[in-house]
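Worksheet: the structure to be examined is printed underneath.
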Amino acid sequence: MNTRAGRVALAIVPVGFIGYFFVYPVTRILILSIADGFGDVLTSASTRSVLWFTLWQAAASTLLTFVVAMPLTAVLSHFSFRGRSLVRALVTVPFVLPTVVVGSAFVALGLSNSIWGILAAHVFFNVAVVVRTVGGVWSRLDRGVVEAARSLGASPLIAFLRTTLPILGPSIAAALSIVFLFTFTSFGVVLILGGLTYRTIEVEIYQKATTFLDLGAAGALAILQLVGVVAILWAYGRYQRTRSVGLELAPEDRVLRPARSTTERVTLWSVVGGTLALLATPLLVLVTRSFRGGLGGWAFLTNPGRLAITPGEAITNSLVFALVGAVIATIVGLIAASLISRGSTVVASTFDMVLMLPLGTSAVTIGFGFLVALDEPVDLRGSVLLVPLAHALVAVPFVVRSTLPTLRAIRADLREAAAVLGASPRQVFRHVDLAIVARAAMVGAGFAAAVSLGEFGATSFIVRPNSVTIPTLIFRLLGRPGAVTFTAAMALSVILMLLTTALILSIDRLRAGELGEF
Amino acid sequence: MRTTALILAVGMLLAACGDTTEVQDTTTTNATSVTTTGDPATTVVDLPETLTIISHDSFAGGVTDETFATFTDETGIEVEVLPAGDAGSMTNQAILTRDNPVADVLFGIDDSFLSRAFDADIFVPYASPLLDDVPERLQIDDEQRVTPIDFGDVCINYDVSAYADTAPPLNIEQLAQPEYASDLVVESPATSSPGLAFLLATIATFGEDGWKDYWTALVDNGVNIVSDWDTAYYQEFSHWGGDDPLVVSYASSPPAEVIFADPPVDEAPTGVVDETCYRQIEFAGILAGSEHTEAAGLLIDFMLGPTFQETIPLTWFVFPANETVTLPQEFIDHTVIPASPISLEPGLVEDNRERWIEEWSELVLGS
């Protein structure tokens with residue numbers, strides 16, 4: 001009884017957060033926009049072709065991402081080598097970079113107005129999802145099972161198909177559904193690389209809402225997209241649950257071993273080298289372009305002259321928002337994960353899914369939703385707090401995913417023992433859950449900060465005080481004429497890249513020996 | 001000194017509103033109260049501590065502590081600027097919040113979005129006394145719900161070095177001729193504001209019956225279409241290392257090339273084809289739900305006044321609406337303000353934009 005009341009009290013934090021900053025604004029804007037009627041948008045031929053394109057490009061992108069990411073995942077899950085954590089960090093950097101920045105690099109590679117450009121960029125951004133989600137399980141998979149199968153006469157292929165694959169299956173399915181989710185709702189990449197030839201639902205929503213000021217159509221499309229997202233997340237949730245059942249994982253350092261034979265070494269380094277080369281090419285474009293015409297762009301960052309742009313301020317803003325956003329996301333995410341870990345009921349998994357929804361909701365919908373809903377009782381619309389709050393909204397799922405496996409692994413009897421000894425639910429949370437999950441929570445916080453650093457979705461649709469972040473400043477510099485401002489935008493992208501790499505590297509240091517779904 | 005200026009300013013406002021207008025006493029707290037002896041009655045105007053402008057990102061990006069410093073010195077009112085995405089996004093945000101606006105003044109709406117804003121009735125009319133210094137052709141709203149602040153022209157720019165031996169095109173028609181085959185890069189009107197301006201220029205030139213034939217000819221002539229301005233300009237334009245010596249850009253691009261040149265140059269490396277220029281006017285309007293409409297009028301006056309207008313060219317690379325203001329030398333030397341720019345009726349654009357873009361996409365992109 002007491003515990004139950006305590007849990008309900010704890011639940012107020014995440015439920016209130018997601019309710020007030022997501023469910024309520026999105027509901028308000030959707031009701032408002034479809035008040036005038038959908039029009040014929042849902043039945044029009046153009047919507048059908050947009051929906052078809054959205055689905056097949058997401059499927060193709062997901063498949064390609066899998067093909068590119070699996071060899072790297074395999075070698076990272078077998079071999080220990082110098083620079084392994086650096087490689088893991090480097091493949092993660094693209095995932096948190098803003099699409100406006102990377103889109104222009106793909107254009108420079110001659111991939112604009114082509115489906116191949118879109119697919120390549122989607123692979124670039126999402127390789128990390130597969131490497132980290134699947135690699136997280138594979139690199140801790142006790143090899144005893146495989147060896148047993150081999151000693152019973154199974155060939156390496158049969159051993160893999162019969163033992164490794166069934167265990168990895170759910171995590172592969174989970175990774176693929178996340179990649180599908182991200183590419184299904186892709187915006188910046190498709191807008192920049194697709195022109196208007198290729199449009200996803202998300203691009204169409206943006207187009208209707210901002211170019212044609214047709215909110216009815218935008219609202220109808222937003223609902224259509226939301227239905228798709230719920231379906232994807234439902235599938236994801238299923239795999240997520242099967243995965244967490246009865247998995248015995250070994251510490252990474254017991255599983256990994258150095259590459260011994262020449263074949264192994266060649267395989268290892270050609271896979272690592274090949275994948276990194278693929279991922280690094282667009283990033284190198286940014287670096288070389290930041291030096292085009294000398295050091296002018298870099299000098300501009302320190303002395304922006306008469307233009308009202310202070311890159312120093314933008315960097316400070318970004319760091320402050322990342323910190324505040326990460327703190328909010330960690331508090332909310334940790335409490336949410338703790339509640340989800342204890343209820344295996346429909347309620348817990350539904351709540352888990354609702355927390356993931358902001359990742360798949362169009363930025364225009366969230367931004368406009370804030371605008372119509374957050375004026376009472378306190379007018380938050382012009383408040384500077386809205387920026388880290390919006391960042392936290394998309395960062396909470398990362399905290400939940402980072403901490404949930406550890407929390408699920410806490411044996412129930414520890415909590416019961418504490419409760420029997422007289423601990424209140426809050427004390428149980430503090431001394432049992434929090435103590436054990438602290439490291440995983442730090443990892444989650446780090447991810448939240450990285451996501452916040454690169455966030456350029458909802459924030460660009462929030463009316464906000466003039467507090468420029470690094471991505472918004474890059475975008476503004478790109479839209480200005482002049483040689484120096486262009487190279488300065490590239491230089492700022494390089495700074496963002498370096499900040500993100502440093503952050504991911506420190507997360508991975510913490511992670512050693514930890515479980516994590518991402 | 002400050003008070004004198006304030007009384008003057010309020011006096012000007014009263015004069016502008018006409019003799020019979022009584023300025024309402026608002027119930028704002030924390031407001032400075034100023035008594036002025038207007039004619040015929042004594043009125044009290046409450047000035048707020050802060051006025052808020054909602055604008056597009058590119059305006060907000062140019063605002064510094066200096067931008068409104070003179071205004072704050074004269075009136076004691078601080079000015080805050082809220083960036084709200086691009087012009088379309090900003091307009092929709094203002095419409096969505098019309099019952100409880102986030103700002104007092106909206107700035108940066110261009111003629112193509114005006115009729116939508118008028119339909120939603122988001123502005124209160126205001127006639128600035130400074131409109132006398134603004135050319136008639138910029139004052140396109142008879143009801144004075146919005147005040148023109150600046151204008152910019154979207155024009156074909158050419159790479160001077162690429163036309164050392166041959167002549168650059170003179171007008172839009174010539175772009176489809178064989179001597180300019182594969183020379184032109186344009187932005188998609190679906191994703192880019194200069195791209196849309198160029199499409200509108202072709203519609204204004206060839207009419208509803210002729211523009212599709214023209215675009216078919218452009219496509220046959222090898223026009224290169226990209227999604228946004230910076231791709232067109234920095235990657236495809238030959239001055240920046242691309243293959244196309246003609247690009248849809250701005251009338252202010254050549255002066256920008258000179259101002260930002262490193263090392264400095266005397267002559268602009270690019271030029272403007274002035275008969276291809278399509279004009280976009282940017283307006284400011286007082287939002288109907290604002291509690292400080294009188295003070296907002298003072299802010300509009302300030303934005304039309306010389307102090308603010310002089311900063312416009314070098315900060316936002318557009319042209320000041322106030323014609324008494326002197327342009328920077330680079331703008332005089334390296335570009336043109338076309339005498340008769342191309343334009344379309346704002347209502348016409350609003351009614352047809354979506355259809356035009358869709359028809360264009362079908363024709364040119366084949367989707």
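Residue numbers start at 1 in each chain; chains themselves are named A, B, ... in the order of the structure tokens; ligands are numbered from 1 in the order shown.
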
Proximity check chain B to chain A, 8 Å, nearest pairs one decimal Å, only C-alpha atoms, as a Markdown table:
| residue | atom | partner | partner_atom | distance |
| --- | --- | --- | --- | --- |
| B:Ile54 | CA | A:Val463 | CA | 7.9 |
| B:Asp57 | CA | A:Arg476 | CA | 7.5 |
| B:Ser58 | CA | A:Arg476 | CA | 6.7 |
| B:Ala60 | CA | A:Asn466 | CA | 6.9 |
| B:Gly61 | CA | A:Ala308 | CA | 6.6 |
| B:Gly62 | CA | A:Ala308 | CA | 4.9 |
| B:Val63 | CA | A:Ala308 | CA | 5.9 |
| B:Thr64 | CA | A:Ala308 | CA | 5.2 |
| B:Glu80 | CA | A:Pro465 | CA | 7.5 |
| B:Val81 | CA | A:Asn466 | CA | 6.4 |
| B:Leu82 | CA | A:Pro465 | CA | 5.0 |
| B:Pro83 | CA | A:Val463 | CA | 5.9 |
| B:Ala84 | CA | A:Val463 | CA | 4.8 |
| B:Gly85 | CA | A:Phe461 | CA | 5.9 |
| B:Asp86 | CA | A:Thr210 | CA | 8.0 |
| B:Gly88 | CA | A:Thr210 | CA | 4.7 |
| B:Ser89 | CA | A:Thr210 | CA | 4.6 |
| B:Asn92 | CA | A:Leu213 | CA | 6.3 |
| B:Gln93 | CA | A:Phe368 | CA | 7.0 |
| B:Leu96 | CA | A:Val372 | CA | 6.6 |
| B:Thr97 | CA | A:Val372 | CA | 6.3 |
| B:Asn100 | CA | A:Asp375 | CA | 7.8 |
| B:Val102 | CA | A:Gly382 | CA | 6.8 |
| B:Ser188 | CA | A:Gly195 | CA | 6.7 |
| B:Ala190 | CA | A:Leu196 | CA | 6.5 |
| B:Thr191 | CA | A:Gly195 | CA | 7.0 |
| B:Val226 | CA | A:Gly195 | CA | 6.5 |
| B:Ser227 | CA | A:Gly195 | CA | 4.7 |
| B:Asp228 | CA | A:Ile192 | CA | 7.4 |
| B:Trp229 | CA | A:Gly479 | CA | 7.2 |
| B:Asp230 | CA | A:Gly479 | CA | 6.1 |
| B:Thr231 | CA | A:Ser104 | CA | 7.3 |
| B:Gln235 | CA | A:Ala108 | CA | 6.8 |
| B:Ser253 | CA | A:Pro481 | CA | 6.5 |
| B:Ala256 | CA | A:Gly482 | CA | 5.9 |
| B:Glu257 | CA | A:Gly482 | CA | 5.6 |
| B:Ile259 | CA | A:Gly482 | CA | 8.0 |
| B:Phe260 | CA | A:Gly482 | CA | 5.4 |
| B:Ala261 | CA | A:Ala483 | CA | 6.9 |
| B:Asp262 | CA | A:Gly296 | CA | 7.7 |
| B:Thr315 | CA | A:Leu307 | CA | 6.5 |
| B:Arg353 | CA | A:Phe212 | CA | 7.4 |
| B:Glu354 | CA | A:Phe212 | CA | 6.1 |
| B:Ser361 | CA | A:Leu196 | CA | 7.0 |
| B:Leu365 | CA | A:Thr197 | CA | 5.8 |
| B:Gly366 | CA | A:Thr197 | CA | 7.4 |
| B:Ser367 | CA | A:Thr197 | CA | 5.9 |

Next on the checklist: For Ile332 (chain B), find every residue with an atom within 12 Å (counting only C-alpha atoms), except residues of its own chain fewer than 6 positions away, and show them as a list in words.
Outcome noted: Ala251, Ser252, Pro254, Pro255, Val258, Ala268, Pro313, Phe319 and Thr326 of chain B

Item to check | Contacts of Gln240 (chain A) at 12 Å (only C-alpha atoms; same-chain gap of 3+ positions) as JSON, numbers by chain | outcome: {"A": [133, 134, 168, 169, 170, 171, 172, 173, 174, 175, 176, 177, 178, 233, 234, 235, 236, 237, 243, 244, 245, 349, 352, 353, 401, 404, 405, 516, 517, 518]}

Deliver the residues from the most recent selection as a file, using N, CA and C atoms, as a PDB file, in the first residue's frame.
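Written output follows (again_4.pdb):
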ATOM      1  N   THR A 133      23.591  -1.145 -30.441  1.00  0.00           N
ATOM      2  CA  THR A 133      22.508  -1.971 -29.892  1.00  0.00           C
ATOM      3  C   THR A 133      22.852  -3.452 -30.006  1.00  0.00           C
ATOM      4  N   VAL A 134      23.257  -3.860 -31.202  1.00  0.00           N
ATOM      5  CA  VAL A 134      23.575  -5.271 -31.388  1.00  0.00           C
ATOM      6  C   VAL A 134      24.921  -5.596 -30.744  1.00  0.00           C
ATOM      7  N   LEU A 168      21.007 -13.021 -30.648  1.00  0.00           N
ATOM      8  CA  LEU A 168      21.107 -11.642 -31.129  1.00  0.00           C
ATOM      9  C   LEU A 168      19.805 -11.160 -31.762  1.00  0.00           C
ATOM     10  N   GLY A 169      18.998 -12.111 -32.208  1.00  0.00           N
ATOM     11  CA  GLY A 169      17.785 -11.769 -32.960  1.00  0.00           C
ATOM     12  C   GLY A 169      16.997 -10.585 -32.437  1.00  0.00           C
ATOM     13  N   PRO A 170      16.551 -10.664 -31.184  1.00  0.00           N
ATOM     14  CA  PRO A 170      15.742  -9.550 -30.676  1.00  0.00           C
ATOM     15  C   PRO A 170      16.470  -8.209 -30.702  1.00  0.00           C
ATOM     16  N   SER A 171      17.779  -8.197 -30.424  1.00  0.00           N
ATOM     17  CA  SER A 171      18.478  -6.908 -30.419  1.00  0.00           C
ATOM     18  C   SER A 171      18.655  -6.399 -31.844  1.00  0.00           C
ATOM     19  N   ILE A 172      18.816  -7.322 -32.804  1.00  0.00           N
ATOM     20  CA  ILE A 172      18.859  -6.896 -34.207  1.00  0.00           C
ATOM     21  C   ILE A 172      17.521  -6.299 -34.600  1.00  0.00           C
ATOM     22  N   ALA A 173      16.448  -6.989 -34.221  1.00  0.00           N
ATOM     23  CA  ALA A 173      15.111  -6.483 -34.554  1.00  0.00           C
ATOM     24  C   ALA A 173      14.871  -5.129 -33.890  1.00  0.00           C
ATOM     25  N   ALA A 174      15.320  -4.986 -32.648  1.00  0.00           N
ATOM     26  CA  ALA A 174      15.139  -3.712 -31.947  1.00  0.00           C
ATOM     27  C   ALA A 174      15.908  -2.602 -32.662  1.00  0.00           C
ATOM     28  N   ALA A 175      17.163  -2.879 -33.044  1.00  0.00           N
ATOM     29  CA  ALA A 175      17.978  -1.875 -33.733  1.00  0.00           C
ATOM     30  C   ALA A 175      17.339  -1.497 -35.062  1.00  0.00           C
ATOM     31  N   LEU A 176      16.874  -2.513 -35.798  1.00  0.00           N
ATOM     32  CA  LEU A 176      16.278  -2.223 -37.094  1.00  0.00           C
ATOM     33  C   LEU A 176      15.004  -1.401 -36.945  1.00  0.00           C
ATOM     34  N   SER A 177      14.217  -1.678 -35.911  1.00  0.00           N
ATOM     35  CA  SER A 177      12.999  -0.874 -35.791  1.00  0.00           C
ATOM     36  C   SER A 177      13.320   0.575 -35.437  1.00  0.00           C
ATOM     37  N   ILE A 178      14.413   0.788 -34.677  1.00  0.00           N
ATOM     38  CA  ILE A 178      14.797   2.169 -34.364  1.00  0.00           C
ATOM     39  C   ILE A 178      15.306   2.885 -35.623  1.00  0.00           C
ATOM     40  N   LEU A 233       6.952   1.615 -32.967  1.00  0.00           N
ATOM     41  CA  LEU A 233       7.355   1.530 -31.565  1.00  0.00           C
ATOM     42  C   LEU A 233       6.748   0.312 -30.882  1.00  0.00           C
ATOM     43  N   TRP A 234       5.561  -0.073 -31.335  1.00  0.00           N
ATOM     44  CA  TRP A 234       4.936  -1.265 -30.767  1.00  0.00           C
ATOM     45  C   TRP A 234       5.793  -2.484 -31.097  1.00  0.00           C
ATOM     46  N   ALA A 235       6.234  -2.570 -32.348  1.00  0.00           N
ATOM     47  CA  ALA A 235       7.105  -3.673 -32.753  1.00  0.00           C
ATOM     48  C   ALA A 235       8.405  -3.639 -31.957  1.00  0.00           C
ATOM     49  N   TYR A 236       8.954  -2.435 -31.833  1.00  0.00           N
ATOM     50  CA  TYR A 236      10.202  -2.270 -31.091  1.00  0.00           C
ATOM     51  C   TYR A 236      10.043  -2.765 -29.658  1.00  0.00           C
ATOM     52  N   GLY A 237       8.942  -2.356 -29.033  1.00  0.00           N
ATOM     53  CA  GLY A 237       8.689  -2.732 -27.641  1.00  0.00           C
ATOM     54  C   GLY A 237       8.629  -4.249 -27.473  1.00  0.00           C
ATOM     55  N   ARG A 243      13.984  -9.589 -25.661  1.00  0.00           N
ATOM     56  CA  ARG A 243      15.420  -9.539 -25.535  1.00  0.00           C
ATOM     57  C   ARG A 243      15.852  -9.595 -24.086  1.00  0.00           C
ATOM     58  N   SER A 244      15.086  -8.959 -23.206  1.00  0.00           N
ATOM     59  CA  SER A 244      15.570  -8.832 -21.842  1.00  0.00           C
ATOM     60  C   SER A 244      15.308 -10.079 -21.001  1.00  0.00           C
ATOM     61  N   VAL A 245      14.694 -11.079 -21.656  1.00  0.00           N
ATOM     62  CA  VAL A 245      14.367 -12.274 -20.886  1.00  0.00           C
ATOM     63  C   VAL A 245      15.521 -13.275 -20.905  1.00  0.00           C
ATOM     64  N   SER A 349       4.707  -0.825 -20.330  1.00  0.00           N
ATOM     65  CA  SER A 349       5.231  -0.818 -21.698  1.00  0.00           C
ATOM     66  C   SER A 349       4.574   0.279 -22.532  1.00  0.00           C
ATOM     67  N   ASP A 352       6.411   3.378 -21.616  1.00  0.00           N
ATOM     68  CA  ASP A 352       7.704   3.354 -22.288  1.00  0.00           C
ATOM     69  C   ASP A 352       7.552   3.862 -23.724  1.00  0.00           C
ATOM     70  N   MET A 353       6.483   3.401 -24.380  1.00  0.00           N
ATOM     71  CA  MET A 353       6.274   3.784 -25.770  1.00  0.00           C
ATOM     72  C   MET A 353       5.947   5.273 -25.889  1.00  0.00           C
ATOM     73  N   ARG A 401      16.624   4.129 -22.259  1.00  0.00           N
ATOM     74  CA  ARG A 401      17.263   2.975 -22.890  1.00  0.00           C
ATOM     75  C   ARG A 401      18.594   2.621 -22.239  1.00  0.00           C
ATOM     76  N   LEU A 404      17.508   1.246 -18.348  1.00  0.00           N
ATOM     77  CA  LEU A 404      16.506   0.208 -18.130  1.00  0.00           C
ATOM     78  C   LEU A 404      17.102  -1.194 -17.946  1.00  0.00           C
ATOM     79  N   PRO A 405      18.061  -1.614 -18.792  1.00  0.00           N
ATOM     80  CA  PRO A 405      18.591  -2.976 -18.616  1.00  0.00           C
ATOM     81  C   PRO A 405      19.230  -3.177 -17.247  1.00  0.00           C
ATOM     82  N   GLY A 516      23.566  -1.863 -21.528  1.00  0.00           N
ATOM     83  CA  GLY A 516      22.900  -0.691 -22.086  1.00  0.00           C
ATOM     84  C   GLY A 516      22.250  -1.085 -23.385  1.00  0.00           C
ATOM     85  N   GLU A 517      21.073  -0.535 -23.643  1.00  0.00           N
ATOM     86  CA  GLU A 517      20.411  -0.898 -24.888  1.00  0.00           C
ATOM     87  C   GLU A 517      20.875  -0.033 -26.021  1.00  0.00           C
ATOM     88  N   PHE A 518      21.553   1.034 -25.676  1.00  0.00           N
ATOM     89  CA  PHE A 518      22.053   1.880 -26.741  1.00  0.00           C
ATOM     90  C   PHE A 518      23.414   2.407 -26.402  1.00  0.00           C
TER      91      PHE A 518
END

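One finds CA of Gly343 (chain A) at 21.9 Å from CA of Gly422 (chain A).
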
Checklist outcome for this item: Between B:Val160, B:Ala167, B:Leu106, B:Ala295, smallest distance to Ser55 (chain B) by only C-alpha atoms belongs to B:Leu106

Next on the checklist: Residues within 9 Å of Val154 (chain B), please, as number ranges by chain. Count only C-alpha atoms; anything in the same chain fewer than 2 positions from it doesn't count.
Outcome noted: B: 152, 156, 194-195, 197-198, 248-252, 276-280

Using all heavy atoms, can you write the selected residues to a file as a short mmCIF file (atom, residue, chain, number, x, y, z; two decimals), in the first residue's frame?
data_model
loop_
_atom_site.label_atom_id
_atom_site.label_comp_id
_atom_site.auth_asym_id
_atom_site.auth_seq_id
_atom_site.Cartn_x
_atom_site.Cartn_y
_atom_site.Cartn_z
N GLY B 152 14.08 43.67 -51.00
CA GLY B 152 15.24 43.00 -51.59
C GLY B 152 14.85 42.48 -52.95
O GLY B 152 13.69 42.18 -53.20
N ILE B 156 19.07 37.20 -61.32
CA ILE B 156 20.12 36.35 -61.87
C ILE B 156 21.46 37.07 -61.64
O ILE B 156 21.62 38.24 -61.96
CB ILE B 156 19.91 36.13 -63.38
CG1 ILE B 156 18.57 35.42 -63.65
CG2 ILE B 156 21.07 35.37 -64.00
CD1 ILE B 156 18.49 34.00 -63.16
N PRO B 194 14.40 32.34 -52.53
CA PRO B 194 14.78 32.91 -53.83
C PRO B 194 14.32 32.05 -55.00
O PRO B 194 13.99 32.57 -56.07
CB PRO B 194 16.32 33.00 -53.77
CG PRO B 194 16.73 32.19 -52.60
CD PRO B 194 15.57 32.14 -51.66
N GLY B 195 14.27 30.74 -54.80
CA GLY B 195 13.77 29.85 -55.85
C GLY B 195 12.32 30.16 -56.20
O GLY B 195 11.95 30.23 -57.38
N ALA B 197 10.87 33.07 -55.67
CA ALA B 197 10.85 34.40 -56.30
C ALA B 197 11.14 34.29 -57.79
O ALA B 197 10.51 34.95 -58.62
CB ALA B 197 11.87 35.31 -55.62
N PHE B 198 12.09 33.42 -58.15
CA PHE B 198 12.43 33.28 -59.56
C PHE B 198 11.27 32.64 -60.33
O PHE B 198 10.95 33.07 -61.45
CB PHE B 198 13.71 32.45 -59.73
CG PHE B 198 14.12 32.29 -61.17
CD1 PHE B 198 14.52 33.39 -61.93
CD2 PHE B 198 14.07 31.04 -61.79
CE1 PHE B 198 14.88 33.25 -63.27
CE2 PHE B 198 14.42 30.89 -63.13
CZ PHE B 198 14.82 32.00 -63.87
N VAL B 248 20.57 32.02 -59.48
CA VAL B 248 19.52 32.84 -58.88
C VAL B 248 19.99 33.24 -57.48
O VAL B 248 20.16 32.39 -56.61
CB VAL B 248 18.19 32.08 -58.80
CG1 VAL B 248 17.17 32.89 -58.00
CG2 VAL B 248 17.66 31.79 -60.19
N SER B 249 20.25 34.55 -57.30
CA SER B 249 20.72 35.03 -56.00
C SER B 249 20.09 36.40 -55.74
O SER B 249 19.00 36.68 -56.24
CB SER B 249 22.25 35.08 -55.99
OG SER B 249 22.73 35.34 -54.69
N TYR B 250 20.80 37.26 -55.03
CA TYR B 250 20.21 38.55 -54.66
C TYR B 250 20.92 39.72 -55.34
O TYR B 250 22.08 39.62 -55.71
CB TYR B 250 20.29 38.74 -53.15
CG TYR B 250 19.58 37.66 -52.38
CD1 TYR B 250 20.26 36.53 -51.94
CD2 TYR B 250 18.22 37.76 -52.12
CE1 TYR B 250 19.61 35.53 -51.24
CE2 TYR B 250 17.55 36.77 -51.42
CZ TYR B 250 18.25 35.66 -50.98
OH TYR B 250 17.60 34.66 -50.30
N ALA B 251 20.23 40.86 -55.41
CA ALA B 251 20.85 42.07 -55.93
C ALA B 251 22.01 42.50 -55.03
O ALA B 251 22.94 43.17 -55.47
CB ALA B 251 19.82 43.19 -56.03
N SER B 252 21.96 42.09 -53.77
CA SER B 252 23.02 42.50 -52.84
C SER B 252 24.20 41.55 -52.83
O SER B 252 25.18 41.78 -52.13
CB SER B 252 22.44 42.61 -51.43
OG SER B 252 21.90 41.37 -51.06
N THR B 276 16.07 40.86 -64.65
CA THR B 276 15.54 39.59 -64.14
C THR B 276 15.09 39.71 -62.69
O THR B 276 14.68 38.72 -62.08
CB THR B 276 16.62 38.49 -64.18
OG1 THR B 276 17.73 38.92 -63.37
CG2 THR B 276 17.10 38.24 -65.59
N CYS B 277 15.17 40.92 -62.12
CA CYS B 277 14.97 41.05 -60.68
C CYS B 277 13.50 40.99 -60.27
O CYS B 277 12.66 41.68 -60.84
CB CYS B 277 15.58 42.35 -60.18
SG CYS B 277 17.37 42.34 -60.34
N TYR B 278 13.21 40.16 -59.27
CA TYR B 278 11.86 40.06 -58.70
C TYR B 278 11.92 40.68 -57.31
O TYR B 278 12.79 40.36 -56.51
CB TYR B 278 11.42 38.61 -58.62
CG TYR B 278 10.00 38.46 -58.12
CD1 TYR B 278 8.92 38.54 -59.00
CD2 TYR B 278 9.74 38.26 -56.77
CE1 TYR B 278 7.62 38.41 -58.54
CE2 TYR B 278 8.44 38.13 -56.30
CZ TYR B 278 7.38 38.20 -57.19
OH TYR B 278 6.09 38.09 -56.74
N ARG B 279 10.97 41.58 -57.03
CA ARG B 279 11.06 42.32 -55.77
C ARG B 279 10.25 41.68 -54.64
O ARG B 279 9.10 41.31 -54.83
CB ARG B 279 10.56 43.75 -55.98
CG ARG B 279 10.47 44.55 -54.69
CD ARG B 279 10.76 46.00 -54.90
NE ARG B 279 12.06 46.20 -55.46
CZ ARG B 279 12.49 47.37 -55.93
NH1 ARG B 279 11.70 48.43 -55.89
NH2 ARG B 279 13.70 47.49 -56.42
N GLN B 280 10.87 41.60 -53.47
CA GLN B 280 10.17 41.20 -52.26
C GLN B 280 10.26 42.34 -51.25
O GLN B 280 11.36 42.82 -50.95
CB GLN B 280 10.80 39.94 -51.65
CG GLN B 280 10.36 38.66 -52.37
CD GLN B 280 11.07 37.45 -51.86
OE1 GLN B 280 12.27 37.50 -51.56
NE2 GLN B 280 10.37 36.34 -51.77
#

Item to check | For Ala299 (chain A): contacts at 10 Å, only C-alpha atoms, fewer than 6 positions along chain excluded, given as an MDAnalysis selection string | outcome: chainID A and resid 484 487:488 491

Checklist entry - To one decimal place, how far is CA of Ile366 (chain A) from CA of Thr500 (chain A) in Å? => result 25.1 Å

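CA of Ala259 (chain A) to CA of Phe79 (chain A) spans 5.8 Å [interatomic distance, one decimal].
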
Residues within 9 Å of Ile18 (chain A), please, as a JSON list (two decimals) with C-alpha atoms, in the first residue's frame. Count only C-alpha atoms; anything in the same chain fewer than 4 positions from it doesn't count.
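Here's the written file around12.json:
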[["chain", "number", "residue", "atom", "x", "y", "z"],
["A", 13, "VAL", "CA", 7.44, 13.53, -12.42],
["A", 14, "PRO", "CA", 7.76, 11.65, -15.73],
["A", 22, "PHE", "CA", 4.31, 16.54, -25.20],
["A", 23, "VAL", "CA", 0.86, 14.93, -25.08],
["A", 24, "TYR", "CA", -1.02, 18.13, -24.21],
["A", 354, "VAL", "CA", 4.76, 7.19, -25.04],
["A", 355, "LEU", "CA", 8.17, 8.37, -23.81],
["A", 393, "LEU", "CA", 11.95, 15.66, -24.57]]

Next on the checklist: Going by DSSP on the backbone, which residues of region 386-448 of chain A come out as alpha helix (DSSP H)? List them as a ChimeraX atom specification.
Outcome noted: /A:386-409,412-420,425-428,435-448

Checklist entry - Residues at most 10 Å from Ala128 (chain A), counting only C-alpha atoms, excluding those fewer than 6 positions away in the same chain, as a PyMOL selection string? => result chain A and resi 65+69+73+88-96+134-135+175+179+518

Next on the checklist: Considering only strand (DSSP E) as DSSP defines it on the backbone, what residues of region 53-266 of chain B qualify? List them as number ranges by chain.
Outcome noted: B: 53-55, 78-83, 105-110, 123-124, 147-159, 184-187, 224-226, 246-250
